[in-house]
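To be precise, the following lines are query_11.txt, and they hold compact mmCIF, C-alpha atoms (C1' of nucleotides).
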# COMPACT_ATOMS: atom_id res chain seq x y z
CA MET A 1 -161.12 46.81 22.81
CA ALA A 2 -162.23 46.35 26.39
CA LEU A 3 -162.25 42.56 26.73
CA ARG A 4 -158.56 42.56 27.57
CA HIS A 5 -159.19 45.20 30.21
CA ALA A 6 -162.13 43.30 31.64
CA VAL A 7 -159.83 40.28 31.93
CA LEU A 8 -157.13 42.35 33.64
CA ALA A 9 -159.71 43.85 36.02
CA ALA A 10 -161.08 40.41 36.87
CA LEU A 11 -157.59 39.06 37.52
CA LEU A 12 -156.91 41.79 40.09
CA ASP A 13 -158.95 39.65 42.45
CA GLY A 14 -156.34 36.91 42.47
CA GLU A 15 -154.92 34.14 40.33
CA TYR A 16 -157.25 32.31 38.00
CA SER A 17 -156.98 29.67 35.33
CA GLY A 18 -158.81 30.17 32.05
CA TYR A 19 -161.48 27.81 33.26
CA GLN A 20 -161.92 29.59 36.59
CA LEU A 21 -161.93 32.95 34.84
CA ALA A 22 -164.78 31.74 32.68
CA LYS A 23 -166.76 30.98 35.87
CA VAL A 24 -165.98 34.39 37.34
CA PHE A 25 -167.08 36.04 34.12
CA ASP A 26 -170.33 34.15 34.23
CA ILE A 27 -171.36 35.49 37.62
CA GLY A 28 -169.48 38.62 38.63
CA VAL A 29 -168.05 40.12 35.46
CA ALA A 30 -171.07 39.31 33.30
CA ASN A 31 -172.72 42.29 35.00
CA PHE A 32 -170.67 44.57 32.80
CA TRP A 33 -168.91 42.41 30.26
CA HIS A 34 -170.02 39.15 28.72
CA ALA A 35 -167.49 36.78 27.21
CA LEU A 36 -167.34 33.15 26.14
CA PRO A 37 -164.65 30.77 27.44
CA GLN A 38 -162.98 30.58 24.03
CA GLN A 39 -162.50 34.32 24.00
CA LEU A 40 -160.90 34.19 27.42
CA TYR A 41 -158.38 31.51 26.51
CA LEU A 42 -157.45 33.47 23.43
CA GLU A 43 -157.21 36.76 25.28
CA LEU A 44 -155.13 35.25 28.08
CA ALA A 45 -152.71 33.88 25.50
CA LYS A 46 -152.42 37.31 23.86
CA LEU A 47 -152.00 39.09 27.18
CA GLU A 48 -149.31 36.65 28.24
CA LYS A 49 -147.39 37.14 25.01
CA GLU A 50 -147.52 40.89 25.59
CA GLY A 51 -146.35 40.52 29.18
CA MET A 52 -149.57 41.88 30.70
CA VAL A 53 -150.26 38.69 32.63
CA ALA A 54 -147.95 35.95 33.87
CA GLY A 55 -148.99 32.32 33.88
CA ARG A 56 -147.65 29.55 36.05
CA GLN A 57 -148.26 25.86 35.63
CA VAL A 58 -149.95 24.02 38.48
CA ILE A 59 -149.61 20.25 38.38
CA GLN A 60 -152.63 18.44 39.75
CA GLU A 61 -152.91 14.75 40.33
CA THR A 62 -156.60 14.09 40.49
CA ARG A 63 -157.48 16.79 37.92
CA PRO A 64 -155.94 17.88 34.62
CA ASN A 65 -153.11 20.36 35.06
CA LYS A 66 -153.89 24.03 34.79
CA ARG A 67 -152.21 27.39 34.34
CA LEU A 68 -152.92 30.20 36.80
CA PHE A 69 -152.56 33.77 35.62
CA LYS A 70 -151.94 37.00 37.46
CA VAL A 71 -151.58 40.61 36.33
CA THR A 72 -148.02 41.91 35.93
CA ALA A 73 -146.84 45.44 36.71
CA GLU A 74 -147.06 46.16 33.00
CA GLY A 75 -150.62 44.85 32.91
CA LEU A 76 -151.58 47.13 35.77
CA ALA A 77 -149.96 50.08 34.00
CA GLU A 78 -151.93 49.30 30.84
CA LEU A 79 -155.17 49.08 32.83
CA THR A 80 -154.38 52.40 34.51
CA ARG A 81 -153.69 54.07 31.16
CA TRP A 82 -156.90 52.72 29.70
CA ALA A 83 -158.99 53.68 32.75
CA ALA A 84 -157.92 57.30 32.31
CA SER A 85 -159.07 57.41 28.67
CA ALA A 86 -162.66 58.33 27.85
CA ALA A 87 -165.24 55.57 28.25
CA LYS A 88 -167.72 54.89 25.52
CA PRO A 89 -171.37 55.21 26.49
CA SER A 90 -172.90 51.93 27.55
CA PHE A 91 -175.81 50.35 25.78
CA ILE A 92 -178.30 47.56 26.10
CA ARG A 93 -178.85 45.08 23.32
CA ASP A 94 -181.87 42.96 23.91
CA ASP A 95 -183.75 40.80 21.43
CA LEU A 96 -186.74 40.61 23.70
CA MET A 97 -187.22 44.35 23.80
CA VAL A 98 -187.26 44.43 20.02
CA LYS A 99 -190.11 41.93 20.24
CA VAL A 100 -191.98 43.98 22.83
CA GLN A 101 -191.60 47.05 20.62
CA ALA A 102 -193.53 45.16 17.95
CA ALA A 103 -195.80 43.24 20.32
CA ASP A 104 -198.92 45.25 19.51
CA ARG A 105 -198.59 44.51 15.79
CA ILE A 106 -197.70 40.84 15.86
CA PRO A 107 -199.04 37.84 17.83
CA ALA A 108 -198.17 38.54 21.48
CA GLY A 109 -198.39 34.94 22.73
CA PRO A 110 -194.80 33.85 22.12
CA VAL A 111 -193.49 37.17 23.42
CA LEU A 112 -195.45 36.71 26.64
CA GLU A 113 -193.91 33.30 27.17
CA GLN A 114 -190.45 34.75 26.71
CA LEU A 115 -191.21 37.54 29.18
CA ASP A 116 -192.29 34.97 31.76
CA GLU A 117 -189.13 32.99 31.15
CA ARG A 118 -187.04 36.13 31.61
CA VAL A 119 -188.65 36.73 34.98
CA ARG A 120 -187.65 33.24 36.09
CA VAL A 121 -184.07 33.70 34.88
CA ALA A 122 -183.82 37.13 36.49
CA ASP A 123 -185.12 35.81 39.80
CA ALA A 124 -182.44 33.12 39.77
CA LYS A 125 -179.75 35.66 38.98
CA ILE A 126 -180.96 38.01 41.70
CA GLU A 127 -180.59 35.24 44.21
CA VAL A 128 -177.08 34.37 43.04
CA LEU A 129 -175.99 37.99 43.13
CA ALA A 130 -177.49 38.61 46.56
CA LYS A 131 -175.52 35.66 47.90
CA LEU A 132 -172.35 36.80 46.16
CA LEU A 133 -172.71 40.27 47.67
CA ALA A 134 -173.27 38.80 51.13
CA ARG A 135 -170.11 36.73 50.72
CA LEU A 136 -168.09 39.71 49.52
CA ARG A 137 -169.10 41.92 52.40
CA GLY A 138 -168.55 39.21 55.02
CA GLU A 139 -169.61 40.26 58.48
CA LEU A 140 -169.94 43.94 57.69
CA ASP A 141 -173.24 45.50 56.67
CA GLU A 142 -173.38 47.22 53.32
CA ASP A 143 -172.68 50.79 54.47
CA ALA A 144 -169.76 49.71 56.58
CA PHE A 145 -168.33 47.60 53.79
CA LEU A 146 -168.60 50.44 51.29
CA ARG A 147 -166.72 52.64 53.77
CA GLU A 148 -164.11 50.26 55.08
CA GLY A 149 -164.18 46.97 53.21
CA GLU A 150 -161.56 45.80 50.76
CA HIS A 151 -162.30 45.35 47.06
CA VAL A 152 -165.21 47.74 46.79
CA GLY A 153 -164.79 47.65 43.02
CA PRO A 154 -166.23 44.18 42.52
CA TYR A 155 -168.85 44.90 45.15
CA LEU A 156 -170.04 48.00 43.36
CA THR A 157 -170.27 46.29 40.00
CA CYS A 158 -172.20 43.37 41.47
CA LEU A 159 -174.51 45.82 43.18
CA ARG A 160 -175.21 47.36 39.81
CA GLY A 161 -175.82 43.93 38.38
CA LEU A 162 -178.31 43.19 41.12
CA ARG A 163 -180.17 46.45 40.63
CA PHE A 164 -180.19 45.92 36.88
CA GLU A 165 -181.67 42.46 37.25
CA ARG A 166 -184.35 43.68 39.66
CA GLU A 167 -185.31 46.49 37.36
CA HIS A 168 -185.30 44.12 34.40
CA ARG A 169 -187.48 41.65 36.27
CA ASP A 170 -190.00 44.27 37.31
CA TRP A 171 -190.25 45.61 33.79
CA CYS A 172 -190.84 42.14 32.34
CA VAL A 173 -193.64 41.60 34.84
CA LEU A 174 -195.20 44.94 33.92
CA ALA A 175 -194.85 44.42 30.17
CA ALA A 176 -196.35 40.94 30.39
CA SER A 177 -199.32 42.10 32.45
CA VAL A 178 -200.00 45.04 30.13
CA LEU A 179 -199.85 42.86 27.02
CA ARG A 180 -201.99 40.17 28.64
CA ALA A 181 -204.69 42.61 29.67
CA ARG A 182 -204.84 43.91 26.11
CA GLU A 183 -204.89 40.44 24.61
CA VAL A 184 -207.92 39.53 26.72
CA ALA A 185 -209.62 42.79 25.83
CA CYS A 186 -209.16 42.04 22.15
CA THR A 187 -210.15 38.39 22.30
CA PRO A 188 -213.84 38.13 23.22
CA ALA A 189 -214.92 34.90 24.92
CA THR A 190 -215.79 32.15 22.43
CA MET B 1 -179.02 38.92 13.62
CA ALA B 2 -181.46 41.29 15.27
CA LEU B 3 -180.55 44.60 13.65
CA ARG B 4 -182.84 43.83 10.73
CA HIS B 5 -185.64 43.03 13.14
CA ALA B 6 -185.01 46.17 15.16
CA VAL B 7 -185.32 48.11 11.90
CA LEU B 8 -188.55 46.32 11.00
CA ALA B 9 -189.95 46.95 14.50
CA ALA B 10 -189.04 50.63 14.32
CA LEU B 11 -190.65 50.98 10.89
CA LEU B 12 -193.96 49.66 12.23
CA ASP B 13 -194.45 53.15 13.62
CA GLY B 14 -194.74 54.63 10.16
CA GLU B 15 -192.69 55.52 7.13
CA TYR B 16 -189.14 56.73 7.67
CA SER B 17 -186.18 57.63 5.53
CA GLY B 18 -182.76 56.30 6.47
CA TYR B 19 -181.95 59.65 7.99
CA GLN B 20 -185.14 59.79 10.03
CA LEU B 21 -184.67 56.20 11.11
CA ALA B 22 -181.24 57.11 12.43
CA LYS B 23 -182.90 59.79 14.60
CA VAL B 24 -185.52 57.39 15.87
CA PHE B 25 -182.81 54.88 16.72
CA ASP B 26 -180.94 57.53 18.64
CA ILE B 27 -183.80 58.27 21.02
CA GLY B 28 -186.41 55.54 21.10
CA VAL B 29 -184.79 52.40 19.75
CA ALA B 30 -181.41 53.02 21.39
CA ASN B 31 -183.05 51.81 24.59
CA PHE B 32 -182.76 48.29 23.31
CA TRP B 33 -180.68 48.39 20.16
CA HIS B 34 -177.90 50.73 19.22
CA ALA B 35 -176.96 51.28 15.58
CA LEU B 36 -175.01 53.77 13.52
CA PRO B 37 -176.55 55.52 10.50
CA GLN B 38 -174.27 53.62 8.10
CA GLN B 39 -175.59 50.33 9.38
CA LEU B 40 -179.16 51.48 8.86
CA TYR B 41 -178.63 52.55 5.26
CA LEU B 42 -176.99 49.22 4.56
CA GLU B 43 -179.67 47.23 6.35
CA LEU B 44 -182.49 49.12 4.60
CA ALA B 45 -180.89 48.35 1.25
CA LYS B 46 -180.66 44.65 2.13
CA LEU B 47 -184.21 44.53 3.45
CA GLU B 48 -185.52 46.22 0.32
CA LYS B 49 -183.71 43.76 -1.93
CA GLU B 50 -185.32 40.93 0.04
CA GLY B 51 -188.76 42.50 -0.18
CA MET B 52 -189.10 43.05 3.56
CA VAL B 53 -189.49 46.79 3.20
CA ALA B 54 -190.69 48.94 0.32
CA GLY B 55 -189.13 52.30 -0.45
CA ARG B 56 -190.69 55.18 -2.28
CA GLN B 57 -188.95 58.27 -3.57
CA VAL B 58 -190.09 61.62 -2.21
CA ILE B 59 -189.00 64.62 -4.24
CA GLN B 60 -188.36 67.70 -2.12
CA GLU B 61 -187.62 71.15 -3.38
CA THR B 62 -186.05 72.91 -0.45
CA ARG B 63 -184.32 69.76 0.84
CA PRO B 64 -182.45 66.88 -0.83
CA ASN B 65 -184.74 64.13 -2.05
CA LYS B 66 -185.29 61.17 0.20
CA ARG B 67 -186.65 57.65 0.18
CA LEU B 68 -189.31 56.62 2.68
CA PHE B 69 -189.54 52.98 3.71
CA LYS B 70 -192.35 50.92 5.12
CA VAL B 71 -192.65 47.29 6.17
CA THR B 72 -194.21 44.93 3.63
CA ALA B 73 -196.48 41.97 4.43
CA GLU B 74 -193.46 39.75 3.98
CA GLY B 75 -191.46 41.89 6.39
CA LEU B 76 -194.18 41.59 8.98
CA ALA B 77 -194.28 37.82 8.49
CA GLU B 78 -190.50 37.64 9.00
CA LEU B 79 -190.76 39.74 12.16
CA THR B 80 -193.54 37.48 13.45
CA ARG B 81 -191.50 34.36 12.75
CA TRP B 82 -188.48 35.79 14.50
CA ALA B 83 -190.48 37.02 17.49
CA ALA B 84 -191.67 33.48 18.13
CA SER B 85 -188.13 32.09 18.19
CA ALA B 86 -186.18 32.04 21.46
CA ALA B 87 -184.60 35.34 22.50
CA LYS B 88 -180.99 35.43 23.59
CA PRO B 89 -180.36 36.73 27.09
CA SER B 90 -179.61 40.44 27.18
CA PHE B 91 -176.36 41.83 28.46
CA ILE B 92 -174.73 45.07 29.40
CA ARG B 93 -171.36 46.04 28.02
CA ASP B 94 -169.94 49.01 29.78
CA ASP B 95 -166.35 50.26 29.76
CA LEU B 96 -166.96 52.38 32.81
CA MET B 97 -168.00 49.42 34.94
CA VAL B 98 -164.78 47.65 34.04
CA LYS B 99 -162.99 50.72 35.37
CA VAL B 100 -165.04 50.75 38.58
CA GLN B 101 -164.26 47.07 39.06
CA ALA B 102 -160.59 48.02 39.15
CA ALA B 103 -161.04 51.41 40.84
CA ASP B 104 -159.64 50.33 44.19
CA ARG B 105 -156.39 49.14 42.62
CA ILE B 106 -155.69 51.97 40.20
CA PRO B 107 -155.90 55.79 40.48
CA ALA B 108 -159.57 56.60 41.02
CA GLY B 109 -159.46 60.24 39.89
CA PRO B 110 -160.11 59.77 36.16
CA VAL B 111 -162.80 57.19 36.90
CA LEU B 112 -164.57 59.65 39.21
CA GLU B 113 -164.63 62.27 36.48
CA GLN B 114 -166.16 59.77 34.08
CA LEU B 115 -168.79 58.79 36.64
CA ASP B 116 -169.75 62.46 37.06
CA GLU B 117 -169.96 62.85 33.30
CA ARG B 118 -172.19 59.79 33.07
CA VAL B 119 -174.56 61.32 35.60
CA ARG B 120 -174.87 64.44 33.45
CA VAL B 121 -175.50 62.41 30.30
CA ALA B 122 -178.02 60.18 32.08
CA ASP B 123 -179.90 63.21 33.44
CA ALA B 124 -180.19 64.62 29.94
CA LYS B 125 -181.44 61.31 28.59
CA ILE B 126 -183.95 60.94 31.41
CA GLU B 127 -185.41 64.28 30.49
CA VAL B 128 -185.63 63.41 26.80
CA LEU B 129 -187.28 60.08 27.54
CA ALA B 130 -189.75 61.59 30.00
CA LYS B 131 -190.85 64.05 27.32
CA LEU B 132 -191.06 61.34 24.69
CA LEU B 133 -193.25 59.23 26.97
CA ALA B 134 -195.52 62.20 27.69
CA ARG B 135 -195.86 62.78 23.95
CA LEU B 136 -196.60 59.12 23.27
CA ARG B 137 -199.32 58.90 25.89
CA GLY B 138 -200.95 62.19 24.90
CA GLU B 139 -203.77 63.19 27.18
CA LEU B 140 -204.09 59.85 28.94
CA ASP B 141 -202.30 59.10 32.17
CA GLU B 142 -199.92 56.18 32.20
CA ASP B 143 -202.28 53.52 33.52
CA ALA B 144 -205.00 54.49 31.09
CA PHE B 145 -202.57 54.53 28.18
CA LEU B 146 -201.21 51.10 29.06
CA ARG B 147 -204.77 49.83 29.11
CA GLU B 148 -206.29 51.60 26.12
CA GLY B 149 -203.63 53.51 24.22
CA GLU B 150 -202.30 52.59 20.81
CA HIS B 151 -198.71 51.50 20.27
CA VAL B 152 -197.99 50.29 23.76
CA GLY B 153 -194.92 48.52 22.37
CA PRO B 154 -192.82 51.64 21.89
CA TYR B 155 -194.18 53.04 25.15
CA LEU B 156 -193.09 49.98 27.11
CA THR B 157 -189.61 49.97 25.63
CA CYS B 158 -189.14 53.67 26.33
CA LEU B 159 -190.35 53.11 29.87
CA ARG B 160 -187.67 50.50 30.27
CA GLY B 161 -185.14 52.93 28.85
CA LEU B 162 -186.19 55.55 31.37
CA ARG B 163 -185.97 53.17 34.29
CA PHE B 164 -182.62 51.92 33.09
CA GLU B 165 -181.23 55.43 32.89
CA ARG B 166 -182.52 56.32 36.35
CA GLU B 167 -180.99 53.21 37.85
CA HIS B 168 -177.77 53.86 35.97
CA ARG B 169 -177.66 57.44 37.20
CA ASP B 170 -178.28 56.49 40.81
CA TRP B 171 -175.59 53.85 40.71
CA CYS B 172 -173.05 56.27 39.25
CA VAL B 173 -173.83 58.73 42.05
CA LEU B 174 -173.39 55.99 44.64
CA ALA B 175 -170.20 54.60 43.13
CA ALA B 176 -168.67 58.09 42.88
CA SER B 177 -169.52 58.96 46.47
CA VAL B 178 -168.16 55.66 47.78
CA LEU B 179 -164.92 56.02 45.85
CA ARG B 180 -164.55 59.68 46.87
CA ALA B 181 -165.04 58.91 50.55
CA ARG B 182 -162.32 56.26 50.34
CA GLU B 183 -159.96 58.49 48.40
CA VAL B 184 -160.22 61.15 51.11
CA ALA B 185 -159.74 58.53 53.80
CA CYS B 186 -156.56 57.32 52.11
CA THR B 187 -155.14 60.74 51.33
CA PRO B 188 -154.26 62.49 54.61
CA ALA B 189 -154.25 66.30 54.49
CA THR B 190 -150.91 67.72 53.38
C1' DA C 1 -168.40 82.99 7.24
C1' DT C 2 -169.24 78.97 9.80
C1' DT C 3 -171.91 75.64 11.79
C1' DC C 4 -176.00 72.75 11.80
C1' DT C 5 -179.37 69.94 9.58
C1' DC C 6 -180.85 67.13 5.84
C1' DA C 7 -179.56 63.26 2.96
C1' DT C 8 -177.00 58.85 1.45
C1' DG C 9 -173.80 55.85 0.93
C1' DT C 10 -168.81 52.63 0.43
C1' DA C 11 -164.78 50.03 2.19
C1' DA C 12 -161.54 48.14 5.44
C1' DC C 13 -160.94 46.11 9.61
C1' DC C 14 -161.58 43.71 13.80
C1' DG C 15 -163.92 41.89 17.72
C1' DG C 16 -167.34 38.53 18.94
C1' DT C 17 -170.04 34.40 17.99
C1' DT C 18 -170.60 29.75 16.28
C1' DA C 19 -168.86 25.48 15.37
C1' DC C 20 -165.37 22.18 15.93
C1' DA C 21 -162.04 19.37 18.76
C1' DT C 22 -160.10 16.46 22.81
C1' DG C 23 -159.68 13.98 27.06
C1' DA C 24 -159.52 12.70 32.09
C1' DT C 25 -162.08 12.33 36.47
C1' DT C 26 -166.03 12.38 39.52
C1' DC C 27 -170.75 11.98 40.51
C1' DT C 28 -175.53 9.77 39.94
C1' DA D 1 -173.46 3.59 31.72
C1' DG D 2 -174.10 8.38 31.20
C1' DA D 3 -173.84 13.09 32.71
C1' DA D 4 -171.43 16.70 34.77
C1' DT D 5 -167.11 18.94 35.93
C1' DC D 6 -162.41 20.16 35.06
C1' DA D 7 -159.29 21.78 31.52
C1' DT D 8 -157.76 24.02 26.98
C1' DG D 9 -157.75 25.32 22.77
C1' DT D 10 -158.46 26.26 16.88
C1' DA D 11 -160.87 28.04 12.79
C1' DA D 12 -164.45 30.08 10.00
C1' DC D 13 -167.64 33.49 9.66
C1' DC D 14 -170.17 37.64 10.16
C1' DG D 15 -171.95 41.63 12.39
C1' DG D 16 -170.50 46.04 14.07
C1' DT D 17 -167.28 49.88 14.24
C1' DT D 18 -164.19 53.17 12.18
C1' DA D 19 -162.84 55.80 8.53
C1' DC D 20 -163.78 57.74 4.23
C1' DA D 21 -166.73 60.39 0.86
C1' DT D 22 -170.11 64.05 -0.95
C1' DG D 23 -173.20 67.92 -1.28
C1' DA D 24 -176.87 71.48 -0.67
C1' DG D 25 -179.81 74.57 2.02
C1' DA D 26 -180.86 76.82 6.60
C1' DA D 27 -179.67 79.00 10.64
C1' DT D 28 -176.44 81.98 13.63

Would you write out, as structure tokens, the structure that this file holds?
Amino acid sequence: MALRHAVLAALLDGEYSGYQLAKVFDIGVANFWHALPQQLYLELAKLEKEGMVAGRQVIQETRPNKRLFKVTAEGLAELTRWAASAAKPSFIRDDLMVKVQAADRIPAGPVLEQLDERVRVADAKIEVLAKLLARLRGELDEDAFLREGEHVGPYLTCLRGLRFEREHRDWCVLAASVLRAREVACTPAT
Amino acid sequence: MALRHAVLAALLDGEYSGYQLAKVFDIGVANFWHALPQQLYLELAKLEKEGMVAGRQVIQETRPNKRLFKVTAEGLAELTRWAASAAKPSFIRDDLMVKVQAADRIPAGPVLEQLDERVRVADAKIEVLAKLLARLRGELDEDAFLREGEHVGPYLTCLRGLRFEREHRDWCVLAASVLRAREVACTPAT
DNA sequence: ATTCTCATGTAACCGGTTACATGATTCT
DNA sequence: AGAATCATGTAACCGGTTACATGAGAAT
């Protein structure tokens, strides 16, 4: 049951509405925990009822009103307790890798297209993350920020996200080129 | 609903019993799809009822009897159909990264221990995967195998697993050292 | 003796995904 | 006029996890 803790960890950054939290999850938090907006609204409601987060209404004139949430002392205590308990091993779940596993026994064409598409998506994400990291570290360079900067937590997780995406990208490129070379080798010119 | 397809993809390698499949999932397939033995027995039963896999009883004298499964023509057709449909984006879900995200606001000690433990686990997995890859490629070197070898699918997915574990390991080492340096900096000698 | 490996399942529960639902404002 | 953004939820379903259950032979 880590979604609640991912929400608490994300809210340590500052106050967010459900809508803003969904945005944050999409870029920063998605590197280690993926969640849909509906889940977040539900989880925020639960956490508020349990006193882990406190919401306050913000009246807006040009936009619909919203509720901003922040972590309470009790929420921080819960997060601390949970952080000290054993973490489950992480795992990847990736449809496309299932397809690559089978790619030498089934038509490779559609899989190749999906690999190419993944490369494009990964490139876009790499760019977004690189910019986010630059913003987080401000004027400091990376080493200095990791030594002295505030909020290294989010920086470290984004760094992992960036490395993951790069690695993912490179692998997709490799897999596609390997499968393409073999396809050509098996398909004599007509 | 990719578990069934992960099972089909894994069974392309040859015939496996539920028990053997669980082993295969633990080393090779776990790189892209994690599943517990119970799930596999259940999924095999479903797939058999639908005619996607065919089981045959093997009577053993020194060991309990077992049932070996292989993919049917219909199973292969289903896998082909599915492989051509759009893949969902992959995502990581990792408790420990949630903890790192919060590590500069909560006690870092327990998180550091878990990072160290992850490094040990990752090292072990890297070794296992390196050996598995060597076994898969046989006498060929990597380039030659990727060009001419059989079953590049499983090789490619294991390669991704290996790279993932290496990257994961390196990040854990970095994160731990960064957090340790800051802990020391914040905790003046007594 | 005890632990490990081989071998196969069932049942309850819960977290996550999909689908549904609404409505105002700003931008193109 | 239509699309995108801001803003917040409910409800059904299903896949995955946890817990439960059994039993024999091989290895230490």

Counting all atoms listed in the file, which residues in chain D sit no more than 12 Å from chain B? For each one, give the nearest pair of atoms and the distance in Å, sorted by chain then residue number, as JSON lines.
{"residue": "D:DC14", "atom": "C1'", "partner": "B:Met1", "partner_atom": "CA", "distance": 9.6}
{"residue": "D:DG15", "atom": "C1'", "partner": "B:Met1", "partner_atom": "CA", "distance": 7.7}
{"residue": "D:DG16", "atom": "C1'", "partner": "B:Gln39", "partner_atom": "CA", "distance": 8.1}
{"residue": "D:DT17", "atom": "C1'", "partner": "B:Leu36", "partner_atom": "CA", "distance": 8.7}
{"residue": "D:DT18", "atom": "C1'", "partner": "B:Gln38", "partner_atom": "CA", "distance": 10.9}
{"residue": "D:DA19", "atom": "C1'", "partner": "B:Gln38", "partner_atom": "CA", "distance": 11.6}
{"residue": "D:DC20", "atom": "C1'", "partner": "B:Gln38", "partner_atom": "CA", "distance": 11.9}
{"residue": "D:DG23", "atom": "C1'", "partner": "B:Pro64", "partner_atom": "CA", "distance": 9.3}
{"residue": "D:DA24", "atom": "C1'", "partner": "B:Pro64", "partner_atom": "CA", "distance": 7.2}
{"residue": "D:DG25", "atom": "C1'", "partner": "B:Arg63", "partner_atom": "CA", "distance": 6.7}
{"residue": "D:DA26", "atom": "C1'", "partner": "B:Thr62", "partner_atom": "CA", "distance": 9.6}

Within 12 Å of segment 15-19 of chain A: each chain D residue with its shortest pair, only C-alpha atoms (C1' of nucleotides), as CSV:
residue,atom,partner,partner_atom,distance
D:DT5,C1',A:Tyr19,CA,10.8
D:DC6,C1',A:Tyr19,CA,7.9
D:DA7,C1',A:Tyr19,CA,6.6
D:DT8,C1',A:Gly18,CA,8.0
D:DG9,C1',A:Gly18,CA,10.5

Give me the residues of chain B that have any atom at most 12 Å from an atom of chain C; for each, the nearest atom pair and the distance in Å, rounded to one decimal. Use only C-alpha atoms (C1' of nucleotides), sort by chain and number, and format it as a tab-separated table.
residue	atom	partner	partner_atom	distance
B:Met1	CA	C:DT17	C1'	11.0
B:Ser17	CA	C:DA7	C1'	9.1
B:Gly18	CA	C:DT8	C1'	8.1
B:Tyr19	CA	C:DA7	C1'	6.6
B:Gln20	CA	C:DC6	C1'	9.5
B:Leu21	CA	C:DA7	C1'	11.9
B:Ala22	CA	C:DA7	C1'	11.4
B:Lys23	CA	C:DC6	C1'	11.6
B:Pro37	CA	C:DT8	C1'	9.7
B:Gln38	CA	C:DG9	C1'	7.5
B:Gln39	CA	C:DG9	C1'	10.3
B:Leu40	CA	C:DG9	C1'	10.5
B:Tyr41	CA	C:DG9	C1'	7.3
B:Leu42	CA	C:DG9	C1'	8.2
B:Glu43	CA	C:DG9	C1'	11.8
B:Leu44	CA	C:DG9	C1'	11.6
B:Ala45	CA	C:DG9	C1'	10.3
B:Val58	CA	C:DA7	C1'	11.8
B:Ile59	CA	C:DA7	C1'	12.0
B:Gln60	CA	C:DC6	C1'	11.0
B:Thr62	CA	C:DC6	C1'	10.0
B:Arg63	CA	C:DC6	C1'	6.6
B:Pro64	CA	C:DA7	C1'	6.0
B:Asn65	CA	C:DA7	C1'	7.3
B:Lys66	CA	C:DA7	C1'	6.7
B:Arg67	CA	C:DA7	C1'	9.5
B:Leu68	CA	C:DA7	C1'	11.8

Within 6 Å of chain B, which residues of chain A show up when using only C-alpha atoms, listed as a PyMOL selection string? chain A and resi 6+9+32-33+80+83-84+87+90+92-104+106+110+153-154

For the atom pair atom CA of Asp123 of chain B and atom CA of Ala144 of chain B, what is the interatomic distance in Å to one decimal place?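 Value for the atom CA of Asp123 of chain B-atom CA of Ala144 of chain B distance: 26.7 Å.
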
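Distance annotation: of B:Ile27, B:Glu139, B:Glu78, B:Phe145, the residue with the minimal separation from Ile126 of chain B is B:Ile27; atom set is all atoms listed in the file.
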
In Å, how far is it from atom CA of Val184 of chain B to atom CA of Ala134 of chain A? 25.9 Å

Length of the atom CA of Ala122 of chain A to atom CA of Val173 of chain A vector [Å]: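 We find that atom CA of Ala122 of chain A and atom CA of Val173 of chain A lie 10.9 Å from each other.
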